[in-house]
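Source file upload24.cif; content: mmCIF, C-alpha atoms.
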data_work
loop_
_atom_site.group_PDB
_atom_site.id
_atom_site.type_symbol
_atom_site.label_atom_id
_atom_site.label_comp_id
_atom_site.auth_asym_id
_atom_site.auth_seq_id
_atom_site.Cartn_x
_atom_site.Cartn_y
_atom_site.Cartn_z
ATOM 1 C CA MET A 691 -13.062 -18.745 -10.505
ATOM 2 C CA SER A 692 -10.671 -17.899 -7.675
ATOM 3 C CA LYS A 693 -7.800 -15.500 -8.188
ATOM 4 C CA GLN A 694 -5.010 -13.711 -6.402
ATOM 5 C CA ILE A 695 -3.571 -10.211 -6.605
ATOM 6 C CA ILE A 696 -0.867 -10.102 -9.282
ATOM 7 C CA THR A 697 2.353 -8.433 -8.182
ATOM 8 C CA ASP A 698 5.841 -7.865 -9.533
ATOM 9 C CA VAL A 699 9.031 -9.103 -7.843
ATOM 10 C CA THR A 700 8.835 -6.323 -5.221
ATOM 11 C CA LYS A 701 5.210 -7.244 -4.309
ATOM 12 C CA LYS A 702 3.952 -4.083 -6.021
ATOM 13 C CA GLU A 703 0.500 -4.707 -7.425
ATOM 14 C CA LYS A 704 0.508 -4.752 -11.232
ATOM 15 C CA LYS A 705 -3.116 -3.683 -11.698
ATOM 16 C CA GLU A 706 -3.529 -0.146 -13.017
ATOM 17 C CA HIS A 707 -5.508 2.027 -10.607
ATOM 18 C CA GLY A 708 -7.240 4.277 -13.099
ATOM 19 C CA ASP A 709 -4.928 5.866 -15.658
ATOM 20 C CA TYR A 710 -2.196 8.496 -15.740
ATOM 21 C CA GLY A 711 -4.653 11.277 -16.532
ATOM 22 C CA PHE A 712 -7.025 10.355 -13.698
ATOM 23 C CA PRO A 713 -5.518 7.818 -11.244
ATOM 24 C CA PHE A 714 -8.713 6.770 -9.479
ATOM 25 C CA LEU A 715 -10.310 3.308 -9.375
ATOM 26 C CA ILE A 716 -13.252 1.662 -7.599
ATOM 27 C CA SER A 717 -13.077 -2.135 -7.255
ATOM 28 C CA TYR A 718 -15.691 -4.531 -5.892
ATOM 29 C CA GLU A 719 -14.125 -7.552 -4.214
ATOM 30 C CA HIS A 720 -14.827 -10.393 -1.800
ATOM 31 C CA LEU A 721 -12.473 -12.706 0.067
ATOM 32 C CA ASP A 722 -13.872 -15.938 -1.358
ATOM 33 C CA GLY A 723 -12.983 -14.593 -4.795
ATOM 34 C CA TYR A 724 -9.322 -15.160 -3.927
ATOM 35 C CA ASP A 725 -7.337 -18.361 -3.500
ATOM 36 C CA SER A 726 -7.365 -19.354 0.184
ATOM 37 C CA GLY A 727 -10.096 -16.800 0.956
ATOM 38 C CA SER A 728 -7.551 -14.026 1.445
ATOM 39 C CA PHE A 729 -5.598 -11.466 -0.550
ATOM 40 C CA LEU A 730 -1.870 -11.762 0.046
ATOM 41 C CA TRP A 731 0.652 -9.091 0.998
ATOM 42 C CA HIS A 732 1.141 -6.399 -1.625
ATOM 43 C CA TRP A 733 1.616 -2.637 -1.956
ATOM 44 C CA HIS A 734 1.036 0.144 -4.466
ATOM 45 C CA PRO A 735 2.158 3.784 -4.686
ATOM 46 C CA GLU A 736 -1.438 4.980 -4.462
ATOM 47 C CA ALA A 737 -3.478 5.358 -1.272
ATOM 48 C CA GLU A 738 -6.577 3.201 -0.719
ATOM 49 C CA LEU A 739 -9.919 3.433 1.063
ATOM 50 C CA THR A 740 -11.731 0.158 1.717
ATOM 51 C CA LEU A 741 -15.387 0.072 2.773
ATOM 52 C CA ILE A 742 -16.571 -3.237 4.254
ATOM 53 C CA THR A 743 -20.023 -3.787 2.745
ATOM 54 C CA GLU A 744 -20.820 -7.252 4.135
ATOM 55 C CA GLY A 745 -19.240 -9.576 6.692
ATOM 56 C CA LYS A 746 -15.924 -9.066 8.431
ATOM 57 C CA MET A 747 -12.209 -9.701 7.993
ATOM 58 C CA LEU A 748 -8.780 -9.369 9.553
ATOM 59 C CA TYR A 749 -7.087 -6.491 7.721
ATOM 60 C CA LYS A 750 -3.314 -6.200 8.154
ATOM 61 C CA ILE A 751 -1.247 -3.102 7.409
ATOM 62 C CA ASN A 752 2.498 -3.404 7.987
ATOM 63 C CA ASP A 753 2.852 -4.448 11.641
ATOM 64 C CA SER A 754 -0.771 -3.908 12.714
ATOM 65 C CA ALA A 755 -3.929 -5.993 12.378
ATOM 66 C CA PHE A 756 -7.519 -4.746 12.534
ATOM 67 C CA ASP A 757 -10.768 -6.681 12.957
ATOM 68 C CA VAL A 758 -13.121 -4.847 10.611
ATOM 69 C CA LYS A 759 -16.794 -5.432 9.956
ATOM 70 C CA GLU A 760 -19.651 -4.173 7.796
ATOM 71 C CA GLY A 761 -19.682 -0.384 7.730
ATOM 72 C CA ASP A 762 -16.054 0.026 8.774
ATOM 73 C CA ILE A 763 -13.593 1.879 6.544
ATOM 74 C CA VAL A 764 -9.864 1.207 6.247
ATOM 75 C CA PHE A 765 -7.358 3.764 4.961
ATOM 76 C CA VAL A 766 -4.060 2.376 3.644
ATOM 77 C CA ASN A 767 -1.323 4.901 3.017
ATOM 78 C CA CYS A 768 0.801 5.083 -0.109
ATOM 79 C CA GLY A 769 3.386 2.298 -0.232
ATOM 80 C CA ALA A 770 2.133 0.421 2.847
ATOM 81 C CA LEU A 771 2.136 -3.365 2.753
ATOM 82 C CA HIS A 772 -1.335 -4.807 3.347
ATOM 83 C CA SER A 773 -3.279 -8.054 3.244
ATOM 84 C CA GLY A 774 -6.720 -9.323 4.218
ATOM 85 C CA GLU A 775 -8.023 -12.645 5.472
ATOM 86 C CA LYS A 776 -10.867 -14.240 7.362
ATOM 87 C CA LEU A 777 -10.831 -14.217 11.136
ATOM 88 C CA PRO A 778 -9.901 -17.512 12.865
ATOM 89 C CA GLY A 779 -12.862 -19.850 12.617
ATOM 90 C CA GLN A 780 -14.706 -17.607 10.170
ATOM 91 C CA SER A 781 -16.375 -19.323 7.206
ATOM 92 C CA ALA A 782 -18.647 -16.551 5.908
ATOM 93 C CA ASP A 783 -17.429 -14.422 3.021
ATOM 94 C CA CYS A 784 -16.542 -10.736 3.314
ATOM 95 C CA HIS A 785 -17.451 -8.215 0.608
ATOM 96 C CA TYR A 786 -15.786 -4.830 0.297
ATOM 97 C CA THR A 787 -15.364 -1.868 -2.019
ATOM 98 C CA ALA A 788 -11.843 -0.543 -2.546
ATOM 99 C CA VAL A 789 -11.153 3.007 -3.740
ATOM 100 C CA THR A 790 -7.571 3.485 -4.925
ATOM 101 C CA PHE A 791 -6.248 6.940 -5.795
ATOM 102 C CA ASP A 792 -3.050 8.881 -6.306
ATOM 103 C CA PRO A 793 -2.844 11.848 -3.888
ATOM 104 C CA LYS A 794 -1.640 14.009 -6.779
ATOM 105 C CA LEU A 795 -5.345 14.411 -7.553
ATOM 106 C CA ILE A 796 -5.401 16.522 -4.388
ATOM 107 C CA TYR A 797 -2.141 18.458 -4.572
ATOM 108 C CA GLY A 798 -1.582 18.791 -8.325
ATOM 109 C CA PHE A 799 2.226 19.139 -8.399
ATOM 110 C CA ASP A 800 5.087 18.503 -5.984
ATOM 111 C CA ALA A 801 6.012 22.135 -5.367
ATOM 112 C CA SER A 802 2.467 23.145 -4.451
ATOM 113 C CA GLN A 803 1.662 24.393 -0.953
ATOM 114 C CA ILE A 804 -1.039 21.726 -0.685
ATOM 115 C CA TYR A 805 1.591 19.013 -1.153
ATOM 116 C CA GLN A 806 4.191 20.581 1.120
ATOM 117 C CA LYS A 807 1.808 21.578 3.934
ATOM 118 C CA TYR A 808 -0.791 18.815 3.990
ATOM 119 C CA VAL A 809 -0.003 15.788 1.838
ATOM 120 C CA ALA A 810 3.713 14.957 2.082
ATOM 121 C CA SER A 811 3.637 14.674 5.885
ATOM 122 C CA ILE A 812 1.286 11.712 5.441
ATOM 123 C CA SER A 813 1.891 10.191 1.991
ATOM 124 C CA ASP A 814 5.699 10.296 2.247
ATOM 125 C CA ASN A 815 5.902 9.221 5.882
ATOM 126 C CA PHE A 816 6.508 5.491 6.326
ATOM 127 C CA SER A 817 5.623 5.727 10.021
ATOM 128 C CA CYS A 818 2.066 6.714 9.005
ATOM 129 C CA PHE A 819 0.612 3.616 7.448
ATOM 130 C CA GLY A 820 -3.151 3.678 7.913
ATOM 131 C CA LEU A 821 -6.252 3.905 10.049
ATOM 132 C CA THR A 822 -9.650 2.358 10.542
ATOM 133 C CA VAL A 823 -12.907 4.244 11.116
ATOM 134 C CA THR A 824 -15.617 2.485 13.097
ATOM 135 C CA ASP A 825 -17.349 5.314 14.961
ATOM 136 C CA LYS A 826 -21.033 5.478 13.915
ATOM 137 C CA ARG A 827 -22.015 8.426 16.156
ATOM 138 C CA THR A 828 -23.229 11.604 14.516
ATOM 139 C CA ASP A 829 -21.467 14.948 14.631
ATOM 140 C CA THR A 830 -17.964 13.478 14.806
ATOM 141 C CA TRP A 831 -15.113 13.596 12.316
ATOM 142 C CA GLU A 832 -15.540 9.824 11.916
ATOM 143 C CA SER A 833 -19.168 10.212 10.826
ATOM 144 C CA GLU A 834 -18.103 12.917 8.382
ATOM 145 C CA PHE A 835 -15.372 10.616 7.087
ATOM 146 C CA SER A 836 -17.931 7.847 6.525
ATOM 147 C CA LYS A 837 -20.386 10.126 4.715
ATOM 148 C CA LEU A 838 -17.656 11.472 2.440
ATOM 149 C CA THR A 839 -16.439 7.962 1.591
ATOM 150 C CA HIS A 840 -19.944 6.763 0.713
ATOM 151 C CA SER A 841 -20.472 9.861 -1.446
ATOM 152 C CA LEU A 842 -17.138 9.271 -3.165
ATOM 153 C CA ILE A 843 -18.100 5.702 -4.082
ATOM 154 C CA SER A 844 -21.560 6.745 -5.261
ATOM 155 C CA ILE A 845 -20.237 9.509 -7.515
ATOM 156 C CA GLY A 846 -17.471 7.264 -8.816
ATOM 157 C CA GLU A 847 -20.021 4.589 -9.686
ATOM 158 C CA LYS A 848 -22.413 6.894 -11.555
ATOM 159 C CA ARG A 849 -19.651 8.689 -13.503
ATOM 160 C CA GLU A 850 -21.974 11.496 -14.491
ATOM 161 C CA PRO A 851 -20.597 14.452 -16.506
ATOM 162 C CA GLY A 852 -18.102 16.354 -14.384
ATOM 163 C CA TYR A 853 -17.785 13.555 -11.822
ATOM 164 C CA GLU A 854 -13.997 13.914 -11.820
ATOM 165 C CA LEU A 855 -14.310 17.379 -10.259
ATOM 166 C CA SER A 856 -16.554 15.989 -7.535
ATOM 167 C CA VAL A 857 -14.092 13.139 -6.887
ATOM 168 C CA VAL A 858 -11.205 15.588 -6.436
ATOM 169 C CA SER A 859 -13.309 17.731 -4.088
ATOM 170 C CA LEU A 860 -14.334 14.756 -1.946
ATOM 171 C CA LEU A 861 -10.793 13.376 -1.802
ATOM 172 C CA SER A 862 -9.561 16.772 -0.623
ATOM 173 C CA SER A 863 -12.162 16.806 2.136
ATOM 174 C CA ILE A 864 -11.246 13.276 3.195
ATOM 175 C CA TRP A 865 -7.533 14.115 3.244
ATOM 176 C CA ARG A 866 -8.278 17.187 5.326
ATOM 177 C CA LEU A 867 -9.634 14.859 8.010
ATOM 178 C CA PHE A 868 -6.416 12.826 7.874
ATOM 179 C CA TYR A 869 -4.440 15.976 8.441
ATOM 180 C CA LEU A 870 -6.551 17.535 11.183
ATOM 181 C CA HIS A 871 -7.039 14.431 13.312
ATOM 182 C CA SER A 872 -4.567 12.061 14.886
ATOM 183 C CA GLY A 873 -6.184 8.941 13.492
ATOM 184 C CA VAL A 874 -3.317 8.081 11.136
ATOM 185 C CA LYS A 875 -1.382 5.639 13.254
ATOM 186 C CA LYS A 876 2.302 6.354 13.780
ATOM 187 C CA ALA A 877 4.731 3.514 14.324
ATOM 188 C CA ALA A 878 6.972 3.759 17.372
ATOM 189 C CA ASP A 879 10.194 2.899 15.517
ATOM 190 C CA ASN A 880 11.423 5.822 13.446
ATOM 191 C CA HIS A 881 13.989 3.604 11.735
ATOM 192 C CA LEU A 882 11.180 1.956 9.749
ATOM 193 C CA ASN A 883 11.841 4.128 6.739
ATOM 194 C CA ALA A 884 11.458 3.642 3.013
ATOM 195 C CA LYS A 885 14.699 1.656 2.752
ATOM 196 C CA ASN A 886 13.712 -0.794 5.476
ATOM 197 C CA TYR A 887 10.250 -1.317 4.055
ATOM 198 C CA GLY A 888 11.823 -1.865 0.663
ATOM 199 C CA ARG A 889 13.902 -4.651 2.213
ATOM 200 C CA ILE A 890 10.800 -6.142 3.844
ATOM 201 C CA ARG A 891 9.066 -6.147 0.456
ATOM 202 C CA ASP A 892 12.106 -7.935 -0.994
ATOM 203 C CA ILE A 893 11.990 -10.520 1.804
ATOM 204 C CA ILE A 894 8.315 -11.267 1.132
ATOM 205 C CA SER A 895 9.045 -11.456 -2.583
ATOM 206 C CA PHE A 896 11.883 -13.952 -1.998
ATOM 207 C CA ILE A 897 9.591 -16.089 0.151
ATOM 208 C CA GLU A 898 6.855 -16.136 -2.485
ATOM 209 C CA GLN A 899 9.302 -17.127 -5.198
ATOM 210 C CA ASN A 900 11.041 -19.819 -3.133
ATOM 211 C CA TYR A 901 8.584 -21.090 -0.510
ATOM 212 C CA GLN A 902 8.391 -24.483 -2.227
ATOM 213 C CA GLU A 903 12.112 -25.004 -1.645
ATOM 214 C CA ASP A 904 14.055 -25.819 1.529
ATOM 215 C CA ILE A 905 14.999 -22.208 2.264
ATOM 216 C CA SER A 906 16.679 -21.055 5.467
ATOM 217 C CA LEU A 907 16.915 -17.767 7.324
ATOM 218 C CA GLU A 908 20.449 -17.522 5.948
ATOM 219 C CA ASP A 909 19.105 -17.776 2.377
ATOM 220 C CA ILE A 910 16.531 -15.063 3.022
ATOM 221 C CA ALA A 911 19.063 -12.751 4.674
ATOM 222 C CA LYS A 912 21.519 -13.120 1.791
ATOM 223 C CA SER A 913 18.796 -12.278 -0.719
ATOM 224 C CA VAL A 914 18.474 -8.776 0.777
ATOM 225 C CA GLY A 915 22.076 -8.227 1.831
ATOM 226 C CA PHE A 916 21.393 -8.490 5.580
ATOM 227 C CA SER A 917 22.949 -10.513 8.347
ATOM 228 C CA ARG A 918 20.636 -13.121 9.864
ATOM 229 C CA SER A 919 20.071 -11.081 13.017
ATOM 230 C CA GLU A 920 19.494 -7.825 11.124
ATOM 231 C CA CYS A 921 17.094 -9.557 8.748
ATOM 232 C CA SER A 922 15.046 -11.052 11.597
ATOM 233 C CA ARG A 923 15.044 -7.827 13.607
ATOM 234 C CA THR A 924 13.987 -5.600 10.695
ATOM 235 C CA PHE A 925 11.223 -7.977 9.585
ATOM 236 C CA LYS A 926 9.816 -8.365 13.108
ATOM 237 C CA ALA A 927 9.876 -4.588 13.663
ATOM 238 C CA GLY A 928 8.084 -3.879 10.399
ATOM 239 C CA MET A 929 5.584 -6.757 10.340
ATOM 240 C CA ASN A 930 5.115 -7.619 14.044
ATOM 241 C CA VAL A 931 5.655 -11.304 13.348
ATOM 242 C CA ALA A 932 8.757 -13.482 13.430
ATOM 243 C CA LEU A 933 10.195 -14.184 9.998
ATOM 244 C CA PHE A 934 10.055 -17.978 10.389
ATOM 245 C CA THR A 935 6.443 -17.787 11.568
ATOM 246 C CA PHE A 936 5.567 -15.659 8.537
ATOM 247 C CA LEU A 937 7.224 -18.204 6.227
ATOM 248 C CA GLN A 938 5.284 -21.116 7.723
ATOM 249 C CA GLU A 939 1.966 -19.247 7.647
ATOM 250 C CA PHE A 940 2.622 -18.231 4.044
ATOM 251 C CA ARG A 941 3.209 -21.884 3.115
ATOM 252 C CA ILE A 942 -0.019 -22.948 4.806
ATOM 253 C CA LYS A 943 -2.023 -20.299 2.939
ATOM 254 C CA LYS A 944 -0.488 -21.456 -0.321
ATOM 255 C CA SER A 945 -1.523 -25.028 0.484
ATOM 256 C CA LEU A 946 -5.234 -24.219 0.680
ATOM 257 C CA SER A 947 -5.851 -24.182 -3.060
ATOM 258 C CA TYR A 948 -4.086 -27.556 -3.397
ATOM 259 C CA LEU A 949 -6.309 -29.065 -0.706
ATOM 260 C CA THR A 950 -9.421 -28.333 -2.753
ATOM 261 C CA ASP A 951 -7.963 -30.708 -5.383
ATOM 262 C CA THR A 952 -9.084 -34.155 -4.234
ATOM 263 C CA ASP A 953 -6.505 -35.861 -6.469
ATOM 264 C CA THR A 954 -3.611 -34.452 -4.452
ATOM 265 C CA SER A 955 -2.780 -36.272 -1.221
ATOM 266 C CA ILE A 956 -2.059 -34.298 1.927
ATOM 267 C CA SER A 957 1.551 -35.524 1.940
ATOM 268 C CA GLU A 958 1.925 -34.323 -1.647
ATOM 269 C CA VAL A 959 0.415 -30.957 -0.720
ATOM 270 C CA ALA A 960 2.935 -30.648 2.110
ATOM 271 C CA GLY A 961 5.799 -31.218 -0.304
ATOM 272 C CA LEU A 962 4.399 -28.729 -2.802
ATOM 273 C CA VAL A 963 4.617 -25.926 -0.241
ATOM 274 C CA GLY A 964 8.091 -26.733 1.069
ATOM 275 C CA ILE A 965 7.190 -28.839 4.142
ATOM 276 C CA PRO A 966 8.179 -32.401 3.195
ATOM 277 C CA ASP A 967 7.239 -33.848 6.614
ATOM 278 C CA SER A 968 3.466 -34.377 6.347
ATOM 279 C CA ASN A 969 3.047 -34.782 10.110
ATOM 280 C CA TYR A 970 4.760 -31.465 10.746
ATOM 281 C CA PHE A 971 2.691 -29.902 7.968
ATOM 282 C CA SER A 972 -0.510 -31.069 9.673
ATOM 283 C CA LYS A 973 0.688 -29.663 12.999
ATOM 284 C CA VAL A 974 1.495 -26.239 11.517
ATOM 285 C CA PHE A 975 -1.723 -26.279 9.486
ATOM 286 C CA SER A 976 -3.837 -26.920 12.582
ATOM 287 C CA ARG A 977 -2.118 -24.080 14.433
ATOM 288 C CA VAL A 978 -2.672 -21.602 11.597
ATOM 289 C CA MET A 979 -6.130 -22.659 10.425
ATOM 290 C CA GLY A 980 -7.662 -24.040 13.615
ATOM 291 C CA MET A 981 -8.412 -27.413 11.998
ATOM 292 C CA SER A 982 -6.538 -30.263 10.353
ATOM 293 C CA PRO A 983 -5.871 -30.232 6.584
ATOM 294 C CA ARG A 984 -8.178 -33.225 6.268
ATOM 295 C CA ASP A 985 -11.028 -31.395 8.013
ATOM 296 C CA TYR A 986 -10.389 -28.304 5.898
ATOM 297 C CA ARG A 987 -10.684 -30.400 2.745
ATOM 298 C CA LYS A 988 -13.950 -31.961 3.943
ATOM 299 C CA GLN A 989 -15.359 -28.546 4.822
ATOM 300 C CA LYS A 990 -14.587 -27.154 1.362
ATOM 301 C CA LEU A 991 -16.020 -30.176 -0.427
ATOM 302 C CA ASN A 992 -19.276 -29.810 1.519
ATOM 303 C CA GLU A 993 -19.731 -26.089 0.763
#

Render the structure in this file as structure tokens.
Amino acid sequence: MSKQIITDVTKKEKKEHGDYGFPFLISYEHLDGYDSGSFLWHWHPEAELTLITEGKMLYKINDSAFDVKEGDIVFVNCGALHSGEKLPGQSADCHYTAVTFDPKLIYGFDASQIYQKYVASISDNFSCFGLTVTDKRTDTWESEFSKLTHSLISIGEKREPGYELSVVSLLSSIWRLFYLHSGVKKAADNHLNAKNYGRIRDIISFIEQNYQEDISLEDIAKSVGFSRSECSRTFKAGMNVALFTFLQEFRIKKSLSYLTDTDTSISEVAGLVGIPDSNYFSKVFSRVMGMSPRDYRKQKLNE
């Protein structure tokens, strides 16, 4: 059965990542397990490591997109918006293991030197949103990063007595690499702070709740207390895509699950996702998906 990540009205993921006493969780996922073969935009206060175990995908973090493949590791910082989808023209599934953790496992309490010297500069910095590790050479910090991540997953899976201590030790070593190396990407615009990303989350939330309706840029801007120009500018700066383009692509992705229902006509599907003109829907669909909605339906029925 397909699914989708469950979020609240701010796009914060509702799933508990471990528990309060030990906020650490390993999840085993694959893109075809989600509606539309992608997981939609969401965020969580914890950081996340994702190991691609089979296949490839397009992994998006805030305004950046990364083509990742088997063996690659993605780090998503606390609070960063992220999503994952298949590459254009890709039909094969992608499997991955996600490790979600609260950095407090590393620093203990807010007044600690570990937090003030090493963690806050990354976890509380909205211009540091993530990194990918692809280097397979030996004797590099990337190879060390990869070994530590694999060890972390292995120990977390086995859950042998005392494994929590090993998890904390490995997370500390991984974070040390974040701190010592310049791999955590920094956005060029310093104005992309917590407040602006909060507004971007609200914009995405408004779109998800109202994409089936005839909503305008004016409607979206009003929902977050912005002018139209400020709304468009802030969204483009934070997500590297025009707001209207994001809305149309979101509608197309929402249409995919309807298209697997052979009892729903393509014109009806178009109306269900807020594009009442079926010809225009087909045009946008072909641009986003690289094929017509009719061909997409045939492809899914033949799988």

CA of Leu730 in chain A and CA of Gln899 in chain A are how many Å apart?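 That distance, rounded to one decimal, is 13.5 Å.
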
Surrounding residues of range 850-866 of chain A excluding itself and chain neighbours under 4 positions, 8 Å, all atoms listed in the file, as a VMD selection string: chain A and resid 795 to 796 808 to 809 835 838 to 839 841 to 842 845 to 846 870

List the residues matched by the PyMOL selection byres ((chain A and resi 729) around 10) in the displayed structure as an mmCIF file with C-alpha atoms, in the frame of the given file, ordered by chain and then by residue number.
data_model
loop_
_atom_site.group_PDB
_atom_site.id
_atom_site.type_symbol
_atom_site.label_atom_id
_atom_site.label_comp_id
_atom_site.auth_asym_id
_atom_site.auth_seq_id
_atom_site.Cartn_x
_atom_site.Cartn_y
_atom_site.Cartn_z
ATOM 1 C CA LYS A 693 -7.800 -15.500 -8.188
ATOM 2 C CA GLN A 694 -5.010 -13.711 -6.402
ATOM 3 C CA ILE A 695 -3.571 -10.211 -6.605
ATOM 4 C CA HIS A 720 -14.827 -10.393 -1.800
ATOM 5 C CA LEU A 721 -12.473 -12.706 0.067
ATOM 6 C CA ASP A 722 -13.872 -15.938 -1.358
ATOM 7 C CA GLY A 723 -12.983 -14.593 -4.795
ATOM 8 C CA TYR A 724 -9.322 -15.160 -3.927
ATOM 9 C CA ASP A 725 -7.337 -18.361 -3.500
ATOM 10 C CA SER A 726 -7.365 -19.354 0.184
ATOM 11 C CA GLY A 727 -10.096 -16.800 0.956
ATOM 12 C CA SER A 728 -7.551 -14.026 1.445
ATOM 13 C CA LEU A 730 -1.870 -11.762 0.046
ATOM 14 C CA TRP A 731 0.652 -9.091 0.998
ATOM 15 C CA HIS A 732 1.141 -6.399 -1.625
ATOM 16 C CA TYR A 749 -7.087 -6.491 7.721
ATOM 17 C CA HIS A 772 -1.335 -4.807 3.347
ATOM 18 C CA SER A 773 -3.279 -8.054 3.244
ATOM 19 C CA GLY A 774 -6.720 -9.323 4.218
ATOM 20 C CA GLU A 775 -8.023 -12.645 5.472
ATOM 21 C CA LYS A 776 -10.867 -14.240 7.362
#

What gap, in Å, lies between CA of Lys988 in chain A and CA of Val758 in chain A?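 That distance, rounded to one decimal, is 27.9 Å.
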
Between CA of Leu937 in chain A and CA of Pro983 in chain A, what is the distance in Å, rounded to a tenth?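 It comes out at 17.8 Å.
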
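Near Tyr786 in chain A, within 9 Å and counting all atoms listed in the file, sit Ser717, Tyr718, Glu719, His720, Leu721, Thr740, Leu741, Ile742, Thr743, Glu744, Gly745 and Glu760 of chain A, not including residues fewer than 5 positions from it in the same chain.
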
Could you tell me which residues the PyMOL selection byres ((chain A and resi 969) around 12) returns for this structure, as an MDAnalysis selection string? chainID A and resid 956:961 965:968 970:976 982:984

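Closest to Leu867 in chain A among A:Phe765, A:Trp733, A:Trp831, A:Phe816 is A:Trp831, based on all atoms listed in the file.
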
Just say which residues the PyMOL selection byres ((chain A and resi 778) around 12) picks in this file, as a PDB file with C-alpha atoms, in the coordinates of the input.
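Final output, saved to result-v3.pdb:
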ATOM      1  CA  GLY A 727     -10.096 -16.800   0.956  1.00  0.00           C
ATOM      2  CA  LYS A 746     -15.924  -9.066   8.431  1.00  0.00           C
ATOM      3  CA  MET A 747     -12.209  -9.701   7.993  1.00  0.00           C
ATOM      4  CA  LEU A 748      -8.780  -9.369   9.553  1.00  0.00           C
ATOM      5  CA  ASP A 757     -10.768  -6.681  12.957  1.00  0.00           C
ATOM      6  CA  GLU A 775      -8.023 -12.645   5.472  1.00  0.00           C
ATOM      7  CA  LYS A 776     -10.867 -14.240   7.362  1.00  0.00           C
ATOM      8  CA  LEU A 777     -10.831 -14.217  11.136  1.00  0.00           C
ATOM      9  CA  GLY A 779     -12.862 -19.850  12.617  1.00  0.00           C
ATOM     10  CA  GLN A 780     -14.706 -17.607  10.170  1.00  0.00           C
ATOM     11  CA  SER A 781     -16.375 -19.323   7.206  1.00  0.00           C
ATOM     12  CA  ALA A 782     -18.647 -16.551   5.908  1.00  0.00           C
ATOM     13  CA  SER A 976      -3.837 -26.920  12.582  1.00  0.00           C
ATOM     14  CA  ARG A 977      -2.118 -24.080  14.433  1.00  0.00           C
ATOM     15  CA  VAL A 978      -2.672 -21.602  11.597  1.00  0.00           C
ATOM     16  CA  MET A 979      -6.130 -22.659  10.425  1.00  0.00           C
ATOM     17  CA  GLY A 980      -7.662 -24.040  13.615  1.00  0.00           C
ATOM     18  CA  MET A 981      -8.412 -27.413  11.998  1.00  0.00           C
TER      19      MET A 981
END

If you count all atoms listed in the file, the residue of A:Phe934, A:Arg849, A:Leu771, A:Lys944 closest to Arg889 in chain A turns out to be A:Leu771

Can you report as AutoDock Vina command-line options the centre and edge lengths in Å, to one decimal, of an axis-aligned box around the listed atoms of range 898-916 of chain A padded with 4 Å on each side?
--center_x 14.5 --center_y -17.0 --center_z 1.1 --size_x 23.2 --size_y 25.6 --size_z 20.5

Is it possible to add N, CA, C and O atoms to range 955-964 of chain A and hand it back as a PDB file, keeping the file's coordinate frame?
ATOM      1  N   SER A 955      -2.792 -35.807  -2.607  1.00  0.00           N
ATOM      2  CA  SER A 955      -2.780 -36.272  -1.221  1.00  0.00           C
ATOM      3  C   SER A 955      -2.221 -35.174  -0.307  1.00  0.00           C
ATOM      4  O   SER A 955      -1.517 -34.268  -0.754  1.00  0.00           O
ATOM      5  N   ILE A 956      -2.528 -35.296   0.969  1.00  0.00           N
ATOM      6  CA  ILE A 956      -2.059 -34.298   1.927  1.00  0.00           C
ATOM      7  C   ILE A 956      -0.536 -34.299   2.003  1.00  0.00           C
ATOM      8  O   ILE A 956       0.093 -33.243   2.114  1.00  0.00           O
ATOM      9  N   SER A 957       0.085 -35.477   1.931  1.00  0.00           N
ATOM     10  CA  SER A 957       1.551 -35.524   1.940  1.00  0.00           C
ATOM     11  C   SER A 957       2.125 -34.859   0.699  1.00  0.00           C
ATOM     12  O   SER A 957       3.169 -34.185   0.777  1.00  0.00           O
ATOM     13  N   GLU A 958       1.464 -34.994  -0.435  1.00  0.00           N
ATOM     14  CA  GLU A 958       1.925 -34.323  -1.647  1.00  0.00           C
ATOM     15  C   GLU A 958       1.752 -32.806  -1.526  1.00  0.00           C
ATOM     16  O   GLU A 958       2.619 -32.040  -1.953  1.00  0.00           O
ATOM     17  N   VAL A 959       0.643 -32.390  -0.936  1.00  0.00           N
ATOM     18  CA  VAL A 959       0.415 -30.957  -0.720  1.00  0.00           C
ATOM     19  C   VAL A 959       1.524 -30.385   0.156  1.00  0.00           C
ATOM     20  O   VAL A 959       2.065 -29.310  -0.116  1.00  0.00           O
ATOM     21  N   ALA A 960       1.873 -31.107   1.215  1.00  0.00           N
ATOM     22  CA  ALA A 960       2.935 -30.648   2.110  1.00  0.00           C
ATOM     23  C   ALA A 960       4.233 -30.421   1.348  1.00  0.00           C
ATOM     24  O   ALA A 960       4.907 -29.399   1.523  1.00  0.00           O
ATOM     25  N   GLY A 961       4.586 -31.360   0.482  1.00  0.00           N
ATOM     26  CA  GLY A 961       5.799 -31.218  -0.304  1.00  0.00           C
ATOM     27  C   GLY A 961       5.739 -30.069  -1.281  1.00  0.00           C
ATOM     28  O   GLY A 961       6.746 -29.390  -1.536  1.00  0.00           O
ATOM     29  N   LEU A 962       4.559 -29.805  -1.825  1.00  0.00           N
ATOM     30  CA  LEU A 962       4.399 -28.729  -2.802  1.00  0.00           C
ATOM     31  C   LEU A 962       4.613 -27.352  -2.202  1.00  0.00           C
ATOM     32  O   LEU A 962       4.897 -26.399  -2.919  1.00  0.00           O
ATOM     33  N   VAL A 963       4.443 -27.230  -0.880  1.00  0.00           N
ATOM     34  CA  VAL A 963       4.617 -25.926  -0.241  1.00  0.00           C
ATOM     35  C   VAL A 963       5.869 -25.871   0.630  1.00  0.00           C
ATOM     36  O   VAL A 963       6.009 -25.004   1.489  1.00  0.00           O
ATOM     37  N   GLY A 964       6.798 -26.810   0.401  1.00  0.00           N
ATOM     38  CA  GLY A 964       8.091 -26.733   1.069  1.00  0.00           C
ATOM     39  C   GLY A 964       8.155 -27.320   2.458  1.00  0.00           C
ATOM     40  O   GLY A 964       9.090 -27.039   3.212  1.00  0.00           O
TER      41      GLY A 964
END
